[in-house]
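Participant: Quick one: this structure, given as structure tokens, is what I'll be asking you about.
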Amino acid sequence: AKNSLFLLPGDGIGPEIMAEVETIIAFLNRKGLTDFSLDRGLVGGSAYDAHGVAISEADMAKALAADAVLFGAVGGPKWDGVPYDCRPEAGLLRLRKDLGLFANLRPAICYPALADASSLKRDVVEGLDILIVRELTGGVYFGEPKEIVTLENGEKRAVDTQVYTTHEIERIARVAFDLAKARNGRVSSAEKRNVMKSGVLWNQVVTKIGREEYADVKLDHILADNCAMQLVRYPKQFDVILTDNLFGDVLSDIGAMLTGSLGMLPSASLGAPDAATGKRKALYEPVHGSAPDIAGTGAANPIAMIASFGMALRYSFGLIDLAGKLDEAIARVLGKGLRTKDIAQKGEATVDTRAMGAAILAEFE
Ligand code: NAI
Ligand code: MG
């Protein structure tokens, strides 16, 4: 059977950067290196314009049936006034929920050619290659009760609840350990066991999974606030960082800024392995949004989207060599000085979206 990819380009620059990935896929198929079958759908504002919803049921069914979903970005001022349930982000939230995407993978990779664009000194980030694994469907963002109540004295009281079950911690821990095995064999688990019960359980469950199932992976525990500090002080000490939804939100944004522009950052979100096939549901998307300020101008950097496709090659299809070659092609193009506006010194672009995509493909060949 063919490997199926479902493309949801979305809004703004989404279709522009997805087009560069489609060119690469067409090349890979033509060369016989892959046998991807492609289907395309609408999500976000573009789905709302066509169907009056943020994603149609037909496209949801295709996303559920596909081996992997490639997602561009959604949103823009055009849809600011649409009903809450139909807002562009609702399409992404629905996908995450129905595909059961509980593991969010955010690599922080520093390409040598861009080390000077980091917020940190070159020697601190040059050669950096870490992976932050964030739990995405539990914790304080979703725990109940979640409310603002008015007390008898008229004061208000806001409540959010941090909840994690053993099962939720086990499954995200296994994702992190599996990834570490395929990398440098180290997991750093970040929580706040000193002040949070959920941190105590997190620590216990991760320790148990590590000892019983991954004796070959080195595990250490770090308090989440210290982890934030260490990420800025000496990030190369880490390999895989495993953490919950809230801390992962913050730590992955720190990781992002270690390596430069939003236009460079890919991500993956994975679900549970299928009982029959062992394959995980998966969605791959750049970290950035739809960038309406530059949509249609050719200024969009396609690298985050192309690198997200690289993550799909690696994690959904086991095409590790091909994924590595794609990453090398990106590094070489940057090494040659090609720059879209977002990563150019003084904002002087040397290439537009299509020329950047074409140059990466040419290096890849
Ligand atoms: P944004 O990430 O779209 O843009 C922030 C800044 O970075 C802008 O100046 C933009 O031009 C630049 N930028 C982003 N991606 C770039 C790329 N590939 N190449 C060059 N420059 C790039 O975030 P913003 O402006 O806060 O949000 C714009 C829209 O995107 C909003 O409607 C927001 O809701 C939506 N959004 C969607 C996300 C998603 O689809 N997952 C994530 C974040 C925001
Ligand atoms: Mg965030």
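Residues in the structure tokens are numbered from 1 in each chain, the chains being A, B, ... in the order shown, and ligands are numbered from 1 in the order shown.
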Could the residues that lie within 9 Å of ligand 1, counting only C-alpha atoms and all ligand atoms, be listed as a ChimeraX atom specification?
Facilitator: /A:10-14,17,44,71-80,88-89,92,261-265,285-295,299-305,340-343,353
Participant: For the residues in that selection, give me C-alpha atoms as an mmCIF file, in the first residue's frame.
Facilitator:
```
data_model
loop_
_atom_site.group_PDB
_atom_site.id
_atom_site.type_symbol
_atom_site.label_atom_id
_atom_site.label_comp_id
_atom_site.auth_asym_id
_atom_site.auth_seq_id
_atom_site.Cartn_x
_atom_site.Cartn_y
_atom_site.Cartn_z
ATOM 1 C CA GLY A 10 -4.511 26.475 5.662
ATOM 2 C CA ASP A 11 -4.355 30.261 5.444
ATOM 3 C CA GLY A 12 -1.922 33.126 4.848
ATOM 4 C CA ILE A 13 1.552 31.851 3.996
ATOM 5 C CA GLY A 14 0.402 28.247 4.650
ATOM 6 C CA ILE A 17 5.219 27.137 2.105
ATOM 7 C CA GLY A 44 -9.019 27.327 9.237
ATOM 8 C CA PHE A 71 -0.440 21.244 8.363
ATOM 9 C CA GLY A 72 0.535 24.755 7.241
ATOM 10 C CA ALA A 73 -0.938 27.474 9.449
ATOM 11 C CA VAL A 74 -4.346 28.990 10.126
ATOM 12 C CA GLY A 75 -5.836 32.364 10.923
ATOM 13 C CA GLY A 76 -5.749 35.987 9.903
ATOM 14 C CA PRO A 77 -7.595 39.272 10.421
ATOM 15 C CA LYS A 78 -10.143 38.322 7.759
ATOM 16 C CA TRP A 79 -11.700 35.825 10.202
ATOM 17 C CA ASP A 80 -11.519 37.861 13.411
ATOM 18 C CA PRO A 88 -9.536 29.130 12.470
ATOM 19 C CA GLU A 89 -7.732 27.668 15.535
ATOM 20 C CA LEU A 92 -6.269 22.651 14.659
ATOM 21 C CA SER A 261 13.741 32.780 13.578
ATOM 22 C CA LEU A 262 10.217 31.438 13.842
ATOM 23 C CA GLY A 263 10.487 30.663 10.141
ATOM 24 C CA MET A 264 13.020 27.898 10.931
ATOM 25 C CA LEU A 265 11.132 25.885 13.554
ATOM 26 C CA GLU A 285 3.446 21.694 11.318
ATOM 27 C CA PRO A 286 5.711 24.706 11.552
ATOM 28 C CA VAL A 287 5.716 26.474 14.925
ATOM 29 C CA HIS A 288 4.880 29.829 13.339
ATOM 30 C CA GLY A 289 1.440 31.086 12.345
ATOM 31 C CA SER A 290 -0.058 32.244 9.054
ATOM 32 C CA ALA A 291 1.984 35.492 8.942
ATOM 33 C CA PRO A 292 -0.733 37.579 7.254
ATOM 34 C CA ASP A 293 1.650 40.560 7.252
ATOM 35 C CA ILE A 294 3.808 38.910 4.567
ATOM 36 C CA ALA A 295 1.304 36.566 2.863
ATOM 37 C CA ALA A 299 8.865 36.681 1.794
ATOM 38 C CA ALA A 300 7.852 33.543 3.716
ATOM 39 C CA ASN A 301 10.639 31.227 4.805
ATOM 40 C CA PRO A 302 9.610 27.671 3.792
ATOM 41 C CA ILE A 303 12.250 25.964 5.991
ATOM 42 C CA ALA A 304 10.011 25.374 9.043
ATOM 43 C CA MET A 305 7.466 23.648 6.784
ATOM 44 C CA THR A 340 14.770 34.844 3.267
ATOM 45 C CA LYS A 341 13.978 38.172 4.871
ATOM 46 C CA ASP A 342 13.332 36.795 8.373
ATOM 47 C CA ILE A 343 16.820 35.288 8.717
ATOM 48 C CA THR A 353 10.028 31.516 -0.820
#
```
Participant: Kindly provide the residues of chain A that approach ligand 2 to within 8 Å, each paired with its closest atom pair and their distance in Å to one decimal, based on only C-alpha atoms and all ligand atoms, listed by chain and increasing number, as a tab-separated table.
Facilitator:
```
residue	atom	partner	partner_atom_place_in_ligand_line	distance
A:Asp249	CA	ligand 2	1 (Mg)	4.7
A:Val250	CA	ligand 2	1 (Mg)	6.1
A:Ser252	CA	ligand 2	1 (Mg)	7.3
A:Asp253	CA	ligand 2	1 (Mg)	5.9
```
Participant: Export, as a PDB file, in the first residue's frame, the selected residues with C-alpha atoms.
Facilitator:
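Heads up, here's the output in again.pdb:
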```
ATOM      1  CA  ASP A 249       4.801  25.430  26.585  1.00  0.00           C
ATOM      2  CA  VAL A 250       7.325  27.726  28.252  1.00  0.00           C
ATOM      3  CA  SER A 252       9.792  24.983  24.120  1.00  0.00           C
ATOM      4  CA  ASP A 253       9.445  28.716  23.514  1.00  0.00           C
TER       5      ASP A 253
END
```
Participant: Please list as a compact mmCIF listing (two decimals) with C-alpha atoms, in the first residue's frame every residue within 12 Å of Lys97 (chain A), counting only C-alpha atoms and excluding residues in the same chain fewer than 5 positions away.
Facilitator:
```txt
# COMPACT_ATOMS: atom_id res chain seq x y z
CA MET A 60 -11.53 15.20 9.33
CA ALA A 63 -6.99 13.24 8.36
CA LEU A 64 -7.95 10.24 10.50
CA ALA A 90 -10.76 25.44 16.16
CA GLY A 91 -9.68 23.38 13.13
CA LEU A 92 -6.27 22.65 14.66
CA PHE A 102 -0.74 13.87 23.17
CA ALA A 103 2.96 14.21 22.38
CA LEU A 136 -0.11 18.16 24.96
CA THR A 137 -3.57 17.00 26.06
CA GLY A 138 -3.48 16.96 29.87
CA PHE A 142 -7.53 20.98 30.63
CA SER A 269 2.49 15.94 17.31
CA LEU A 270 2.04 12.21 17.82
CA GLY A 271 -0.78 10.01 19.10
CA LYS A 281 -1.36 9.11 14.25
CA ALA A 282 0.73 12.19 13.48
CA LEU A 283 0.51 15.82 12.46
```
Participant: Would you pick out the contacts of Ala331 (chain A) at 9 Å or less, using only C-alpha atoms, so that residues sharing its chain but fewer than 4 positions from it are not included, and give the list as an MDAnalysis selection string?
Facilitator: chainID A and resid 111:113 326:327 335:336 360
Participant: Rank A:Asp160, A:Asp178, A:Glu135, A:Glu170 by their smallest atom-to-atom distance to Asn245 (chain A), using only C-alpha atoms, and report the top residue only.
Facilitator: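 Selected residue with least distance to Asn245 (chain A): A:Glu135.
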Participant: Neighbouring residues of region 115-118 of chain A were defined as those with any atom within 12 Å, considering only C-alpha atoms; residues of the same chain fewer than 3 positions away were excluded. Please report them as a PyMOL selection string.
Facilitator: chain A and resi 108-112+121-128+232+254-262+264+331+334-335+342-347
Participant: Output as JSON, numbers by chain all residues of region 70-267 of chain A that backbone DSSP marks as helix (DSSP H, G or I).
Facilitator: {"A": [77, 78, 79, 84, 85, 86, 88, 89, 90, 91, 92, 93, 94, 95, 96, 97, 98, 112, 113, 114, 115, 116, 117, 122, 123, 124, 125, 139, 140, 141, 166, 167, 168, 169, 170, 171, 172, 173, 174, 175, 176, 177, 178, 179, 180, 181, 197, 198, 199, 200, 201, 202, 203, 204, 205, 206, 207, 208, 209, 210, 211, 212, 213, 224, 225, 226, 227, 228, 229, 230, 231, 232, 233, 235, 236, 237, 245, 246, 247, 248, 249, 250, 251, 252, 253, 254, 255, 256, 257, 258, 262, 263, 264]}
Participant: Could you check the closest approach to Val43 (chain A) for each of A:Ala66, A:Ala182, A:Ala158, A:Cys86 and tell me which residue wins, using only C-alpha atoms?
Facilitator: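 Closest to Val43 (chain A) of all the choices is A:Cys86.
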Participant: Show which residues sit within 7 Å of region 19-23 of chain A, as a list in words. Count only C-alpha atoms, and ignore same-chain residues fewer than 2 positions away.
Facilitator: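 Neighbouring residues, sequence-local ones excluded: Pro15, Glu16, Ile17, Ile25, Ala26, Phe27, Pro302, Ile306, Arg354 and Gly357 of chain A.
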Participant: Using the selection just defined, write its residues with C-alpha atoms as a PDB file, in the first residue's frame.
Facilitator:
```
ATOM      1  CA  PRO A  15      -0.287  27.447   0.968  1.00  0.00           C
ATOM      2  CA  GLU A  16       2.945  29.201  -0.123  1.00  0.00           C
ATOM      3  CA  ILE A  17       5.219  27.137   2.105  1.00  0.00           C
ATOM      4  CA  ILE A  25       7.439  15.213  -2.532  1.00  0.00           C
ATOM      5  CA  ALA A  26       6.864  15.133  -6.295  1.00  0.00           C
ATOM      6  CA  PHE A  27      10.634  14.855  -6.792  1.00  0.00           C
ATOM      7  CA  PRO A 302       9.610  27.671   3.792  1.00  0.00           C
ATOM      8  CA  ILE A 306      10.111  21.659   4.885  1.00  0.00           C
ATOM      9  CA  ARG A 354      10.211  29.661  -4.122  1.00  0.00           C
ATOM     10  CA  GLY A 357      12.566  25.848  -1.757  1.00  0.00           C
TER      11      GLY A 357
END
```
